[in-house]
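Quick look at input_34.cif (mmCIF, C-alpha atoms and all ligand atoms):
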```
data_target
loop_
_atom_site.group_PDB
_atom_site.id
_atom_site.type_symbol
_atom_site.label_atom_id
_atom_site.label_comp_id
_atom_site.auth_asym_id
_atom_site.auth_seq_id
_atom_site.Cartn_x
_atom_site.Cartn_y
_atom_site.Cartn_z
ATOM 1 C CA MET A 1 -29.618 8.913 4.351
ATOM 2 C CA ALA A 2 -27.119 6.231 5.214
ATOM 3 C CA THR A 3 -28.197 3.781 7.889
ATOM 4 C CA VAL A 4 -25.185 3.458 10.189
ATOM 5 C CA TYR A 5 -25.346 2.711 13.927
ATOM 6 C CA TYR A 6 -23.760 0.864 16.823
ATOM 7 C CA HIS A 7 -24.597 -2.837 16.904
ATOM 8 C CA ASP A 8 -26.329 -4.059 20.062
ATOM 9 C CA GLU A 9 -23.925 -7.015 20.512
ATOM 10 C CA LYS A 10 -26.851 -9.385 21.224
ATOM 11 C CA ASP A 11 -25.215 -12.383 19.660
ATOM 12 C CA SER A 12 -27.960 -14.877 20.564
ATOM 13 C CA VAL A 13 -30.271 -13.089 18.095
ATOM 14 C CA ASP A 14 -30.021 -13.947 14.360
ATOM 15 C CA SER A 15 -27.334 -11.772 12.723
ATOM 16 C CA ARG A 16 -29.827 -10.823 9.997
ATOM 17 C CA GLU A 17 -32.017 -8.896 12.436
ATOM 18 C CA PRO A 18 -31.142 -5.150 12.571
ATOM 19 C CA HIS A 19 -29.348 -5.333 15.955
ATOM 20 C CA SER A 20 -29.743 -1.586 16.332
ATOM 21 C CA THR A 21 -28.879 0.259 19.520
ATOM 22 C CA GLY A 22 -30.613 3.287 17.996
ATOM 23 C CA VAL A 23 -27.344 5.191 18.383
ATOM 24 C CA PRO A 24 -26.344 6.536 14.987
ATOM 25 C CA VAL A 25 -22.772 6.707 13.729
ATOM 26 C CA SER A 26 -21.861 9.580 11.411
ATOM 27 C CA LEU A 27 -20.025 9.265 8.116
ATOM 28 C CA GLU A 28 -17.243 11.361 9.717
ATOM 29 C CA GLN A 29 -16.866 8.704 12.424
ATOM 30 C CA LEU A 30 -16.637 6.077 9.692
ATOM 31 C CA ALA A 31 -14.011 8.146 7.903
ATOM 32 C CA ASP A 32 -12.026 8.292 11.165
ATOM 33 C CA ILE A 33 -11.565 4.535 10.999
ATOM 34 C CA GLY A 34 -10.707 4.646 7.296
ATOM 35 C CA VAL A 35 -14.123 3.554 6.009
ATOM 36 C CA PHE A 36 -15.767 5.464 3.184
ATOM 37 C CA TYR A 37 -19.489 5.247 2.481
ATOM 38 C CA LYS A 38 -21.298 6.838 -0.439
ATOM 39 C CA HIS A 39 -24.624 6.433 -2.183
ATOM 40 C CA ILE A 40 -23.826 6.309 -5.901
ATOM 41 C CA PRO A 41 -26.971 5.797 -7.983
ATOM 42 C CA GLN A 42 -25.224 5.994 -11.357
ATOM 43 C CA PHE A 43 -23.213 2.890 -12.176
ATOM 44 C CA GLU A 44 -20.822 4.837 -14.420
ATOM 45 C CA ASP A 45 -19.759 6.844 -11.345
ATOM 46 C CA VAL A 46 -18.758 3.584 -9.660
ATOM 47 C CA ASN A 47 -16.578 2.824 -12.670
ATOM 48 C CA LYS A 48 -15.006 6.295 -12.452
ATOM 49 C CA LEU A 49 -14.192 5.822 -8.775
ATOM 50 C CA ALA A 50 -12.724 2.387 -9.463
ATOM 51 C CA THR A 51 -10.475 3.800 -12.186
ATOM 52 C CA GLN A 52 -9.374 6.741 -10.016
ATOM 53 C CA ARG A 53 -8.374 4.385 -7.201
ATOM 54 C CA ASN A 54 -6.645 1.885 -9.497
ATOM 55 C CA TYR A 55 -9.069 -0.999 -9.149
ATOM 56 C CA ARG A 56 -8.399 -3.584 -11.825
ATOM 57 C CA ASN A 57 -10.592 -6.525 -10.868
ATOM 58 C CA ARG A 58 -14.181 -7.135 -9.949
ATOM 59 C CA ASP A 59 -16.806 -9.794 -9.608
ATOM 60 C CA THR A 60 -20.523 -9.962 -8.899
ATOM 61 C CA VAL A 61 -21.961 -12.172 -6.199
ATOM 62 C CA SER A 62 -25.539 -13.173 -5.566
ATOM 63 C CA ILE A 63 -26.079 -14.375 -2.046
ATOM 64 C CA SER A 64 -29.473 -15.977 -1.506
ATOM 65 C CA GLU A 65 -31.086 -19.344 -0.968
ATOM 66 C CA LYS A 66 -32.166 -19.376 -4.591
ATOM 67 C CA ALA A 67 -28.633 -18.719 -5.875
ATOM 68 C CA LEU A 68 -26.772 -21.047 -3.528
ATOM 69 C CA GLY A 69 -29.194 -23.500 -1.943
ATOM 70 C CA ALA A 70 -30.075 -23.462 1.747
ATOM 71 C CA GLU A 71 -27.046 -25.352 3.010
ATOM 72 C CA ALA A 72 -24.432 -23.411 1.042
ATOM 73 C CA LEU A 73 -26.099 -20.149 2.022
ATOM 74 C CA GLU A 74 -25.844 -20.979 5.722
ATOM 75 C CA SER A 75 -22.192 -21.980 5.438
ATOM 76 C CA LYS A 76 -21.312 -18.875 3.378
ATOM 77 C CA LEU A 77 -23.000 -16.636 5.926
ATOM 78 C CA LYS A 78 -21.139 -18.346 8.745
ATOM 79 C CA MET A 79 -17.893 -17.625 6.921
ATOM 80 C CA PHE A 80 -18.760 -14.003 6.150
ATOM 81 C CA TYR A 81 -19.932 -13.358 9.717
ATOM 82 C CA ALA A 82 -16.739 -14.573 11.315
ATOM 83 C CA GLU A 83 -14.625 -11.524 12.187
ATOM 84 C CA HIS A 84 -11.850 -11.152 9.593
ATOM 85 C CA LEU A 85 -9.650 -8.750 7.659
ATOM 86 C CA HIS A 86 -8.177 -8.546 4.165
ATOM 87 C CA GLU A 87 -4.724 -7.522 2.973
ATOM 88 C CA ASP A 88 -6.047 -5.085 0.382
ATOM 89 C CA GLU A 89 -8.524 -2.246 0.383
ATOM 90 C CA GLU A 90 -11.739 -3.499 -1.185
ATOM 91 C CA ILE A 91 -14.931 -1.892 -2.490
ATOM 92 C CA ARG A 92 -18.420 -3.324 -2.072
ATOM 93 C CA TYR A 93 -21.306 -1.935 -4.114
ATOM 94 C CA CYS A 94 -24.882 -3.090 -3.652
ATOM 95 C CA LEU A 95 -26.697 -3.759 -6.935
ATOM 96 C CA ASP A 96 -29.884 -5.326 -5.540
ATOM 97 C CA GLY A 97 -31.279 -6.624 -2.264
ATOM 98 C CA ASP A 98 -29.538 -5.577 0.948
ATOM 99 C CA GLY A 99 -27.063 -6.610 3.613
ATOM 100 C CA PHE A 100 -25.184 -5.503 6.709
ATOM 101 C CA PHE A 101 -21.475 -4.812 7.011
ATOM 102 C CA ASP A 102 -20.210 -4.674 10.587
ATOM 103 C CA LEU A 103 -16.941 -2.808 11.054
ATOM 104 C CA ARG A 104 -14.969 -3.075 14.268
ATOM 105 C CA ASP A 105 -13.952 0.324 15.622
ATOM 106 C CA PRO A 106 -10.314 -0.265 16.614
ATOM 107 C CA ARG A 107 -10.434 2.461 19.270
ATOM 108 C CA ASP A 108 -13.180 1.022 21.480
ATOM 109 C CA GLU A 109 -13.815 -2.396 19.878
ATOM 110 C CA ARG A 110 -17.483 -1.609 19.248
ATOM 111 C CA TRP A 111 -19.193 -2.945 16.140
ATOM 112 C CA ILE A 112 -20.487 -0.307 13.747
ATOM 113 C CA ARG A 113 -23.245 -1.622 11.475
ATOM 114 C CA VAL A 114 -23.756 -0.251 7.945
ATOM 115 C CA LEU A 115 -26.845 -1.162 5.923
ATOM 116 C CA LEU A 116 -26.034 -1.570 2.235
ATOM 117 C CA GLN A 117 -28.950 -0.968 -0.105
ATOM 118 C CA PRO A 118 -29.003 -0.629 -3.901
ATOM 119 C CA GLY A 119 -26.594 2.119 -4.963
ATOM 120 C CA ASP A 120 -24.678 2.126 -1.667
ATOM 121 C CA LEU A 121 -20.918 1.812 -1.904
ATOM 122 C CA LEU A 122 -18.488 0.996 0.892
ATOM 123 C CA ILE A 123 -14.706 1.198 0.816
ATOM 124 C CA VAL A 124 -13.287 -1.213 3.369
ATOM 125 C CA PRO A 125 -9.647 -0.400 4.163
ATOM 126 C CA ALA A 126 -7.007 -3.111 4.393
ATOM 127 C CA GLY A 127 -6.507 -4.345 7.926
ATOM 128 C CA ILE A 128 -9.897 -3.449 9.449
ATOM 129 C CA TYR A 129 -11.769 -6.268 11.148
ATOM 130 C CA HIS A 130 -15.244 -6.689 9.721
ATOM 131 C CA ARG A 131 -18.009 -9.189 9.001
ATOM 132 C CA PHE A 132 -20.983 -9.406 6.663
ATOM 133 C CA THR A 133 -24.512 -10.741 6.869
ATOM 134 C CA LEU A 134 -27.775 -10.459 4.965
ATOM 135 C CA THR A 135 -30.943 -8.849 6.279
ATOM 136 C CA THR A 136 -34.033 -10.980 6.926
ATOM 137 C CA ARG A 137 -34.849 -10.541 3.218
ATOM 138 C CA ASN A 138 -32.045 -13.030 2.648
ATOM 139 C CA TYR A 139 -30.785 -11.639 -0.627
ATOM 140 C CA ILE A 140 -28.070 -9.378 -1.945
ATOM 141 C CA LYS A 141 -26.468 -8.935 -5.333
ATOM 142 C CA ALA A 142 -23.209 -7.089 -4.883
ATOM 143 C CA LEU A 143 -20.235 -6.015 -6.893
ATOM 144 C CA ARG A 144 -16.871 -6.635 -5.258
ATOM 145 C CA LEU A 145 -13.973 -4.595 -6.546
ATOM 146 C CA PHE A 146 -10.320 -5.504 -6.015
ATOM 147 C CA LYS A 147 -7.203 -3.511 -6.737
ATOM 148 C CA ASP A 148 -5.209 -6.422 -8.084
ATOM 149 C CA GLU A 149 -5.845 -10.131 -8.261
ATOM 150 C CA PRO A 150 -8.821 -10.956 -6.078
ATOM 151 C CA LYS A 151 -7.420 -12.037 -2.741
ATOM 152 C CA TRP A 152 -10.153 -14.120 -1.283
ATOM 153 C CA VAL A 153 -8.152 -14.872 1.769
ATOM 154 C CA ALA A 154 -9.910 -13.722 4.891
ATOM 155 C CA HIS A 155 -7.615 -13.514 7.898
ATOM 156 C CA GLY A 156 -9.458 -14.360 11.065
ATOM 157 C CA ARG A 157 -9.141 -12.943 14.515
ATOM 158 C CA PRO A 158 -7.021 -13.280 16.632
ATOM 159 C CA TYR A 159 -4.503 -14.766 14.162
ATOM 160 C CA ALA A 160 -4.275 -11.570 12.117
ATOM 161 C CA ASP A 161 -3.731 -9.362 15.196
ATOM 162 C CA SER A 162 0.027 -9.481 14.779
ATOM 163 C CA SER A 163 0.069 -9.182 10.974
ATOM 164 C CA ALA A 164 1.872 -6.332 9.208
ATOM 165 C CA ILE A 165 -1.340 -5.167 7.565
ATOM 166 C CA ARG A 166 -3.121 -4.894 10.927
ATOM 167 C CA THR A 167 -0.211 -2.944 12.415
ATOM 168 C CA GLU A 168 -0.200 -0.613 9.424
ATOM 169 C CA TYR A 169 -3.961 -0.069 9.658
ATOM 170 C CA LEU A 170 -3.829 0.707 13.384
ATOM 171 C CA ALA A 171 -1.017 3.189 12.808
ATOM 172 C CA SER A 172 -3.033 4.940 10.072
ATOM 173 C CA VAL A 173 -6.059 5.312 12.362
ATOM 174 C CA GLN A 174 -4.004 6.673 15.257
ATOM 175 C CA THR A 175 -2.286 9.297 13.192
ATOM 176 C CA GLN A 176 -5.526 10.790 11.876
HETATM 177 C C1 LIG A 201 -16.444 -9.535 2.821
HETATM 178 O O1 LIG A 201 -15.423 -8.907 2.539
HETATM 179 O O2 LIG A 201 -16.632 -9.935 3.941
HETATM 180 C C2 LIG A 201 -17.418 -9.813 1.761
HETATM 181 O O3 LIG A 201 -17.071 -9.641 0.649
HETATM 182 C C3 LIG A 201 -18.774 -10.292 2.082
HETATM 183 C C4 LIG A 201 -19.665 -10.514 0.924
HETATM 184 S S1 LIG A 201 -19.847 -9.178 -0.222
HETATM 185 C C5 LIG A 201 -21.496 -8.634 -0.133
HETATM 186 NI NI NI A 202 -14.367 -9.485 4.208
#
```
If you convert what's in this file into structure tokens, what do you get?
Amino acid sequence: MATVYYHDEKDSVDSREPHSTGVPVSLEQLADIGVFYKHIPQFEDVNKLATQRNYRNRDTVSISEKALGAEALESKLKMFYAEHLHEDEEIRYCLDGDGFFDLRDPRDERWIRVLLQPGDLLIVPAGIYHRFTLTTRNYIKALRLFKDEPKWVAHGRPYADSSAIRTEYLASVQTQ
């Protein structure tokens, strides 16, 4: 079962704690905001999905104190946990460890938290505000898939509010 729920918004508590309200969010609700979640245990099925959706680039990241050092880890997490959006749809697939993706529901501005564990795949649509953090285990190894050239640029809020990609995303959610 996917672990997806509303975030408790208690921002004084470490982001790596679960922050659960105990109120679950269904995969249908995720789909309503253009987010697709699936547990895919077989790696070849990830490759199939990537081919079907025209993904041409990928990389693997290890995010942990061991991989990055304590200081770099803290600064990376700060960056990932700042609310941002990307100009392209992107896939995240958890290979090892775990982490939380928070997705901002554009209809009520609530944060929806998705736990990514090994074999979990998340399609993050272009234009959705989101953020990422580890769990208290402090380690994830993840595959990041990009349609074209990896666009590392994260557009922060509120600067991206008036961008074309945000407007397009909001229109796609409203017409569903
Ligand atoms: C993102 O889009 O915020 C990220 O890629 C975070 C790290 S991937 C586990
Ligand atoms: Ni991002």
Identify, on the basis of only C-alpha atoms, every residue whose closest approach to Leu121 of chain A does not exceed 12 Å; exclude the query and any residue fewer than 4 positions from it along the same chain; express the result as a PyMOL selection string. chain A and resi 2+35-43+45-47+49-50+90-95+98-99+101+114-117+142-145
Export, as a compact mmCIF listing (two decimals), keeping the file's coordinate frame, the selected residues with C-alpha atoms.
```
# COMPACT_ATOMS: atom_id res chain seq x y z
CA ALA A 2 -27.12 6.23 5.21
CA VAL A 35 -14.12 3.55 6.01
CA PHE A 36 -15.77 5.46 3.18
CA TYR A 37 -19.49 5.25 2.48
CA LYS A 38 -21.30 6.84 -0.44
CA HIS A 39 -24.62 6.43 -2.18
CA ILE A 40 -23.83 6.31 -5.90
CA PRO A 41 -26.97 5.80 -7.98
CA GLN A 42 -25.22 5.99 -11.36
CA PHE A 43 -23.21 2.89 -12.18
CA ASP A 45 -19.76 6.84 -11.34
CA VAL A 46 -18.76 3.58 -9.66
CA ASN A 47 -16.58 2.82 -12.67
CA LEU A 49 -14.19 5.82 -8.78
CA ALA A 50 -12.72 2.39 -9.46
CA GLU A 90 -11.74 -3.50 -1.18
CA ILE A 91 -14.93 -1.89 -2.49
CA ARG A 92 -18.42 -3.32 -2.07
CA TYR A 93 -21.31 -1.94 -4.11
CA CYS A 94 -24.88 -3.09 -3.65
CA LEU A 95 -26.70 -3.76 -6.94
CA ASP A 98 -29.54 -5.58 0.95
CA GLY A 99 -27.06 -6.61 3.61
CA PHE A 101 -21.48 -4.81 7.01
CA VAL A 114 -23.76 -0.25 7.94
CA LEU A 115 -26.84 -1.16 5.92
CA LEU A 116 -26.03 -1.57 2.24
CA GLN A 117 -28.95 -0.97 -0.10
CA ALA A 142 -23.21 -7.09 -4.88
CA LEU A 143 -20.24 -6.02 -6.89
CA ARG A 144 -16.87 -6.64 -5.26
CA LEU A 145 -13.97 -4.60 -6.55
```
Would you kindly translate the PyMOL selection byres (((chain A and resi 157) around 10) and not hetatm) into the concrete residues it picks from this file, as a tab-separated table (two decimals) with C-alpha atoms, in the frame of the given file?
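See out-v9.tsv below for the written result:
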```tsv
chain	number	residue	atom	x	y	z
A	82	ALA	CA	-16.74	-14.57	11.32
A	83	GLU	CA	-14.62	-11.52	12.19
A	84	HIS	CA	-11.85	-11.15	9.59
A	85	LEU	CA	-9.65	-8.75	7.66
A	129	TYR	CA	-11.77	-6.27	11.15
A	130	HIS	CA	-15.24	-6.69	9.72
A	154	ALA	CA	-9.91	-13.72	4.89
A	155	HIS	CA	-7.62	-13.51	7.90
A	156	GLY	CA	-9.46	-14.36	11.06
A	158	PRO	CA	-7.02	-13.28	16.63
A	159	TYR	CA	-4.50	-14.77	14.16
A	160	ALA	CA	-4.28	-11.57	12.12
A	161	ASP	CA	-3.73	-9.36	15.20
A	162	SER	CA	0.03	-9.48	14.78
```
Return the single residue from A:Ile140, A:Ile128, A:Ala171, A:Val4 that is closest to ligand NI 202 (chain A), with distances computed using only C-alpha atoms and all ligand atoms.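 The shortest atom-to-atom distance to ligand NI 202 (chain A) comes from A:Ile128.
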Kindly work out which residues sit at most 6 Å from ligand LIG 201 (chain A), using only C-alpha atoms and all ligand atoms, and give the list as a ChimeraX atom specification. /A:80,131-132,142
Mind pulling up the distance from atom CA of Asn138 of chain A to atom CA of Glu44 of chain A?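 Interatomic distance here is 27.1 Å.
Note that atom CA of Arg104 of chain A and atom CA of Thr136 of chain A are 21.9 Å apart.
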Around the point (-27.9, -16.0, -7.1), in the coordinates given by the file, pick out the residues reaching within 12 Å, counting all atoms listed in the file, and return them as a ChimeraX atom specification. /A:60-70,72-73,96-97,138-142
State, in Å with one decimal place, the distance from atom CA of Gln174 of chain A to atom CA of Leu103 of chain A.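 Computing the Euclidean distance for atom CA of Gln174 of chain A and atom CA of Leu103 of chain A yields 16.6 Å.
Minimum atom-to-atom distances from A:Glu89, A:Arg113, A:Glu9, A:Asp148 to Gly34 of chain A were compared using all atoms listed in the file, and the lowest value belongs to A:Glu89.
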Tell me, as number ranges by chain, which residues lie within 8 Å of Glu149 of chain A, counting all atoms listed in the file; anything in the same chain fewer than 3 positions away does not count. A: 56-57, 146
Of the candidates A:Glu109, A:Asp120, A:Glu87, A:Asp8, which one gets nearest to ligand NI 202 (chain A) if we count only C-alpha atoms and all ligand atoms?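 Closest to ligand NI 202 (chain A) of all the choices is A:Glu87.
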Give me the residues near segment 14-17 of chain A as a ChimeraX atom specification, where near means some atom within 7 Å (using only C-alpha atoms) and where sequence neighbours in that chain fewer than 6 positions away do not count. /A:133-136
Got a sec to check which residues sit within 12 Å of (-18.1, -3.3, 21.3), counting all atoms listed in the file, and write them as a ChimeraX atom specification? /A:5-11,21,102-113
Near-Ile33 of chain A list (7 Å; all atoms listed in the file; drop same-chain fewer than 3 positions) as a list in words: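 The residues that qualify are Gln29, Leu30, Asp105 and Val173 of chain A.
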Prev. selection, C-alpha atoms, output as an mmCIF file, in the frame of the given file:
```cif
data_model
loop_
_atom_site.group_PDB
_atom_site.id
_atom_site.type_symbol
_atom_site.label_atom_id
_atom_site.label_comp_id
_atom_site.auth_asym_id
_atom_site.auth_seq_id
_atom_site.Cartn_x
_atom_site.Cartn_y
_atom_site.Cartn_z
ATOM 1 C CA GLN A 29 -16.866 8.704 12.424
ATOM 2 C CA LEU A 30 -16.637 6.077 9.692
ATOM 3 C CA ASP A 105 -13.952 0.324 15.622
ATOM 4 C CA VAL A 173 -6.059 5.312 12.362
#
```
Show which residues sit within 8 Å of Gly127 of chain A, as a PDB file with C-alpha atoms, in the frame of the given file. Count only C-alpha atoms, and ignore same-chain residues fewer than 2 positions away.
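Generated file (out_21.pdb):
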```
ATOM      1  CA  LEU A  85      -9.650  -8.750   7.659  1.00  0.00           C
ATOM      2  CA  HIS A  86      -8.177  -8.546   4.165  1.00  0.00           C
ATOM      3  CA  GLU A  87      -4.724  -7.522   2.973  1.00  0.00           C
ATOM      4  CA  ASP A  88      -6.047  -5.085   0.382  1.00  0.00           C
ATOM      5  CA  PRO A 125      -9.647  -0.400   4.163  1.00  0.00           C
ATOM      6  CA  TYR A 129     -11.769  -6.268  11.148  1.00  0.00           C
ATOM      7  CA  ILE A 165      -1.340  -5.167   7.565  1.00  0.00           C
ATOM      8  CA  ARG A 166      -3.121  -4.894  10.927  1.00  0.00           C
ATOM      9  CA  THR A 167      -0.211  -2.944  12.415  1.00  0.00           C
ATOM     10  CA  GLU A 168      -0.200  -0.613   9.424  1.00  0.00           C
ATOM     11  CA  TYR A 169      -3.961  -0.069   9.658  1.00  0.00           C
ATOM     12  CA  LEU A 170      -3.829   0.707  13.384  1.00  0.00           C
TER      13      LEU A 170
END
```
